[in-house]
file protein_18.cif (mmCIF, C-alpha atoms)
data_my_file
#
loop_
_atom_site.group_PDB
_atom_site.id
_atom_site.type_symbol
_atom_site.label_atom_id
_atom_site.label_comp_id
_atom_site.auth_asym_id
_atom_site.auth_seq_id
_atom_site.Cartn_x
_atom_site.Cartn_y
_atom_site.Cartn_z
ATOM 1 C CA MET F 1 0.000 0.000 0.000
ATOM 2 C CA LEU F 2 2.786 2.427 0.905
ATOM 3 C CA LYS F 3 4.637 1.526 -2.296
ATOM 4 C CA ALA F 4 1.538 2.222 -4.421
ATOM 5 C CA PHE F 5 1.034 5.538 -2.638
ATOM 6 C CA SER F 6 4.655 6.598 -3.214
ATOM 7 C CA HIS F 7 4.377 5.682 -6.921
ATOM 8 C CA MET F 8 1.173 7.724 -7.206
ATOM 9 C CA LEU F 9 2.803 10.679 -5.451
ATOM 10 C CA LEU F 10 5.833 10.468 -7.749
ATOM 11 C CA ALA F 11 3.592 10.377 -10.840
ATOM 12 C CA LEU F 12 1.667 13.434 -9.658
ATOM 13 C CA LEU F 13 4.905 15.289 -8.970
ATOM 14 C CA ILE F 14 6.215 14.494 -12.456
ATOM 15 C CA LEU F 15 2.964 15.640 -14.078
ATOM 16 C CA SER F 16 2.996 18.822 -12.041
ATOM 17 C CA VAL F 17 6.573 19.672 -13.033
ATOM 18 C CA ALA F 18 5.906 18.803 -16.679
ATOM 19 C CA GLY F 19 2.863 21.081 -16.764
ATOM 20 C CA THR F 20 4.806 23.942 -15.208
ATOM 21 C CA VAL F 21 7.659 23.543 -17.704
ATOM 22 C CA ALA F 22 5.216 23.405 -20.628
ATOM 23 C CA ALA F 23 3.450 26.578 -19.460
ATOM 24 C CA ALA F 24 6.760 28.360 -18.979
ATOM 25 C CA ARG F 25 7.699 27.673 -22.600
ATOM 26 C CA LEU F 26 4.610 29.420 -24.018
ATOM 27 C CA PRO F 27 5.412 32.871 -25.349
ATOM 28 C CA VAL F 28 3.664 35.659 -23.461
ATOM 29 C CA GLU F 29 1.725 36.619 -26.612
ATOM 30 C CA ARG F 30 0.001 33.220 -26.616
ATOM 31 C CA MET F 31 -1.124 33.491 -23.008
ATOM 32 C CA PRO F 32 -4.571 35.078 -23.281
ATOM 33 C CA GLU F 33 -4.539 36.635 -19.826
ATOM 34 C CA PHE F 34 -1.518 38.753 -20.777
ATOM 35 C CA ARG F 35 -2.713 39.612 -24.281
ATOM 36 C CA ILE F 36 -6.147 40.797 -23.089
ATOM 37 C CA GLU F 37 -4.679 42.973 -20.350
ATOM 38 C CA THR F 38 -2.268 44.574 -22.822
ATOM 39 C CA MET F 39 -5.125 45.319 -25.221
ATOM 40 C CA VAL F 40 -7.218 46.933 -22.493
ATOM 41 C CA LEU F 41 -4.346 49.120 -21.330
ATOM 42 C CA ALA F 42 -3.559 50.192 -24.892
ATOM 43 C CA ALA F 43 -7.208 50.976 -25.661
ATOM 44 C CA ASN F 44 -7.838 53.214 -22.633
ATOM 45 C CA LYS F 45 -5.806 56.328 -23.319
ATOM 46 C CA VAL F 46 -8.042 58.349 -20.982
ATOM 47 C CA SER F 47 -8.519 56.818 -17.550
ATOM 48 C CA LEU F 48 -11.839 56.872 -15.738
ATOM 49 C CA GLN F 49 -10.359 59.256 -13.153
ATOM 50 C CA GLN F 50 -9.120 61.647 -15.868
ATOM 51 C CA ALA F 51 -12.505 61.584 -17.600
ATOM 52 C CA ALA F 52 -14.372 62.290 -14.336
ATOM 53 C CA THR F 53 -12.067 65.211 -13.542
ATOM 54 C CA ARG F 54 -12.505 66.726 -17.016
ATOM 55 C CA VAL F 55 -16.296 66.346 -16.913
ATOM 56 C CA LYS F 56 -16.484 67.954 -13.468
ATOM 57 C CA GLN F 57 -14.400 70.910 -14.668
ATOM 58 C CA SER F 58 -16.377 71.417 -17.874
ATOM 59 C CA HIS F 59 -19.918 70.756 -16.588
ATOM 60 C CA GLY F 60 -19.622 71.673 -12.910
ATOM 61 C CA GLY F 61 -21.382 69.872 -10.098
ATOM 62 C CA LYS F 62 -20.363 66.787 -8.156
ATOM 63 C CA VAL F 63 -19.493 63.405 -9.660
ATOM 64 C CA VAL F 64 -21.674 60.778 -7.968
ATOM 65 C CA LYS F 65 -20.925 57.753 -10.177
ATOM 66 C CA ALA F 66 -18.314 56.856 -12.764
ATOM 67 C CA GLU F 67 -17.902 53.580 -14.626
ATOM 68 C CA THR F 68 -16.544 52.246 -17.907
ATOM 69 C CA ARG F 69 -18.793 50.212 -20.185
ATOM 70 C CA ASN F 70 -18.380 48.511 -23.542
ATOM 71 C CA ARG F 71 -20.575 50.122 -26.198
ATOM 72 C CA GLY F 72 -20.393 48.855 -29.760
ATOM 73 C CA GLY F 73 -16.889 47.491 -29.252
ATOM 74 C CA ARG F 74 -15.632 50.771 -27.742
ATOM 75 C CA GLN F 75 -14.864 51.562 -24.122
ATOM 76 C CA ILE F 76 -17.035 54.467 -22.937
ATOM 77 C CA HIS F 77 -16.722 56.201 -19.573
ATOM 78 C CA HIS F 78 -20.152 56.981 -18.081
ATOM 79 C CA ILE F 79 -19.852 59.913 -15.683
ATOM 80 C CA ARG F 80 -22.936 60.853 -13.647
ATOM 81 C CA LEU F 81 -22.981 64.153 -11.812
ATOM 82 C CA ILE F 82 -25.375 66.334 -9.873
ATOM 83 C CA ASN F 83 -25.463 70.073 -10.501
ATOM 84 C CA ASN F 84 -28.065 72.346 -8.879
ATOM 85 C CA GLY F 85 -30.245 69.346 -8.001
ATOM 86 C CA ARG F 86 -30.229 67.985 -11.565
ATOM 87 C CA VAL F 87 -28.663 64.661 -12.543
ATOM 88 C CA LYS F 88 -26.668 64.582 -15.758
ATOM 89 C CA THR F 89 -24.794 61.720 -17.432
ATOM 90 C CA VAL F 90 -21.869 62.531 -19.689
ATOM 91 C CA LEU F 91 -20.269 59.896 -21.931
ATOM 92 C CA ILE F 92 -16.558 60.044 -22.752
ATOM 93 C CA ASP F 93 -14.800 57.846 -25.330
ATOM 94 C CA ALA F 94 -11.983 56.131 -23.385
ATOM 95 C CA THR F 95 -9.686 56.102 -26.434
ATOM 96 C CA THR F 96 -10.069 59.653 -27.710
ATOM 97 C CA GLY F 97 -11.240 61.485 -24.593
ATOM 98 C CA GLN F 98 -14.012 63.127 -26.614
ATOM 99 C CA GLU F 99 -17.540 63.532 -25.318
ATOM 100 C CA VAL F 100 -19.984 61.293 -27.181
ATOM 101 C CA SER F 101 -23.724 61.584 -27.531
ATOM 102 C CA PRO F 102 -25.976 59.210 -25.571
#
call {"tool": "encode", "arguments": {"input": "protein_18.cif", "output": "C-alpha coordinates"}}
result
Amino acid sequence: MLKAFSHMLLALLILSVAGTVAAARLPVERMPEFRIETMVLAANKVSLQQAATRVKQSHGGKVVKAETRNRGGRQIHHIRLINNGRVKTVLIDATTGQEVSP
(Lines of atoms letter the chains of each structure in order from A and count residues from 1; the text may use other names and numbers.)
(Lines give C-alpha, C1' and ligand atoms only; values in the text may rest on other atoms or scores of the structure.)
Protein backbone atom coordinates (compact mmCIF):
# COMPACT_ATOMS: atom_id res chain seq x y z
CA MET A 1 0.00 0.00 0.00
CA LEU A 2 2.79 2.43 0.90
CA LYS A 3 4.64 1.53 -2.30
CA ALA A 4 1.54 2.22 -4.42
CA PHE A 5 1.03 5.54 -2.64
CA SER A 6 4.65 6.60 -3.21
CA HIS A 7 4.38 5.68 -6.92
CA MET A 8 1.17 7.72 -7.21
CA LEU A 9 2.80 10.68 -5.45
CA LEU A 10 5.83 10.47 -7.75
CA ALA A 11 3.59 10.38 -10.84
CA LEU A 12 1.67 13.43 -9.66
CA LEU A 13 4.90 15.29 -8.97
CA ILE A 14 6.21 14.49 -12.46
CA LEU A 15 2.96 15.64 -14.08
CA SER A 16 3.00 18.82 -12.04
CA VAL A 17 6.57 19.67 -13.03
CA ALA A 18 5.91 18.80 -16.68
CA GLY A 19 2.86 21.08 -16.76
CA THR A 20 4.81 23.94 -15.21
CA VAL A 21 7.66 23.54 -17.70
CA ALA A 22 5.22 23.41 -20.63
CA ALA A 23 3.45 26.58 -19.46
CA ALA A 24 6.76 28.36 -18.98
CA ARG A 25 7.70 27.67 -22.60
CA LEU A 26 4.61 29.42 -24.02
CA PRO A 27 5.41 32.87 -25.35
CA VAL A 28 3.66 35.66 -23.46
CA GLU A 29 1.73 36.62 -26.61
CA ARG A 30 0.00 33.22 -26.62
CA MET A 31 -1.12 33.49 -23.01
CA PRO A 32 -4.57 35.08 -23.28
CA GLU A 33 -4.54 36.63 -19.83
CA PHE A 34 -1.52 38.75 -20.78
CA ARG A 35 -2.71 39.61 -24.28
CA ILE A 36 -6.15 40.80 -23.09
CA GLU A 37 -4.68 42.97 -20.35
CA THR A 38 -2.27 44.57 -22.82
CA MET A 39 -5.12 45.32 -25.22
CA VAL A 40 -7.22 46.93 -22.49
CA LEU A 41 -4.35 49.12 -21.33
CA ALA A 42 -3.56 50.19 -24.89
CA ALA A 43 -7.21 50.98 -25.66
CA ASN A 44 -7.84 53.21 -22.63
CA LYS A 45 -5.81 56.33 -23.32
CA VAL A 46 -8.04 58.35 -20.98
CA SER A 47 -8.52 56.82 -17.55
CA LEU A 48 -11.84 56.87 -15.74
CA GLN A 49 -10.36 59.26 -13.15
CA GLN A 50 -9.12 61.65 -15.87
CA ALA A 51 -12.51 61.58 -17.60
CA ALA A 52 -14.37 62.29 -14.34
CA THR A 53 -12.07 65.21 -13.54
CA ARG A 54 -12.50 66.73 -17.02
CA VAL A 55 -16.30 66.35 -16.91
CA LYS A 56 -16.48 67.95 -13.47
CA GLN A 57 -14.40 70.91 -14.67
CA SER A 58 -16.38 71.42 -17.87
CA HIS A 59 -19.92 70.76 -16.59
CA GLY A 60 -19.62 71.67 -12.91
CA GLY A 61 -21.38 69.87 -10.10
CA LYS A 62 -20.36 66.79 -8.16
CA VAL A 63 -19.49 63.41 -9.66
CA VAL A 64 -21.67 60.78 -7.97
CA LYS A 65 -20.93 57.75 -10.18
CA ALA A 66 -18.31 56.86 -12.76
CA GLU A 67 -17.90 53.58 -14.63
CA THR A 68 -16.54 52.25 -17.91
CA ARG A 69 -18.79 50.21 -20.18
CA ASN A 70 -18.38 48.51 -23.54
CA ARG A 71 -20.57 50.12 -26.20
CA GLY A 72 -20.39 48.85 -29.76
CA GLY A 73 -16.89 47.49 -29.25
CA ARG A 74 -15.63 50.77 -27.74
CA GLN A 75 -14.86 51.56 -24.12
CA ILE A 76 -17.03 54.47 -22.94
CA HIS A 77 -16.72 56.20 -19.57
CA HIS A 78 -20.15 56.98 -18.08
CA ILE A 79 -19.85 59.91 -15.68
CA ARG A 80 -22.94 60.85 -13.65
CA LEU A 81 -22.98 64.15 -11.81
CA ILE A 82 -25.37 66.33 -9.87
CA ASN A 83 -25.46 70.07 -10.50
CA ASN A 84 -28.06 72.35 -8.88
CA GLY A 85 -30.24 69.35 -8.00
CA ARG A 86 -30.23 67.99 -11.57
CA VAL A 87 -28.66 64.66 -12.54
CA LYS A 88 -26.67 64.58 -15.76
CA THR A 89 -24.79 61.72 -17.43
CA VAL A 90 -21.87 62.53 -19.69
CA LEU A 91 -20.27 59.90 -21.93
CA ILE A 92 -16.56 60.04 -22.75
CA ASP A 93 -14.80 57.85 -25.33
CA ALA A 94 -11.98 56.13 -23.38
CA THR A 95 -9.69 56.10 -26.43
CA THR A 96 -10.07 59.65 -27.71
CA GLY A 97 -11.24 61.49 -24.59
CA GLN A 98 -14.01 63.13 -26.61
CA GLU A 99 -17.54 63.53 -25.32
CA VAL A 100 -19.98 61.29 -27.18
CA SER A 101 -23.72 61.58 -27.53
CA PRO A 102 -25.98 59.21 -25.57
call {"tool": "atom_distance", "arguments": {"input": "protein_18.cif", "atom1": "CA of Val46 in chain F", "atom2": "CA of Val90 in chain F"}}
result
14.5 Å
call {"tool": "resolve_selection", "arguments": {"input": "protein_18.cif", "expression": "the PyMOL selection byres ((chain F and resi 76-88) around 7)", "output": "ChimeraX atom specification"}}
result
/F:48,52,60-71,74-75,89-94
call {"tool": "axis_aligned_box", "arguments": {"input": "protein_18.cif", "around": "range 65-72 of chain F", "padding_each_side": "5 Å", "output": "lines of an AutoDock Vina configuration file"}}
result
center_x = -18.7
center_y = 53.1
center_z = -20.0
size_x = 14.4
size_y = 19.2
size_z = 29.6
call {"tool": "atom_distance", "arguments": {"input": "protein_18.cif", "atom1": "CA of Arg54 in chain F", "atom2": "CA of Glu99 in chain F"}}
result
10.2 Å
call {"tool": "atom_distance", "arguments": {"input": "protein_18.cif", "atom1": "CA of Lys56 in chain F", "atom2": "CA of Val100 in chain F"}}
result
15.6 Å
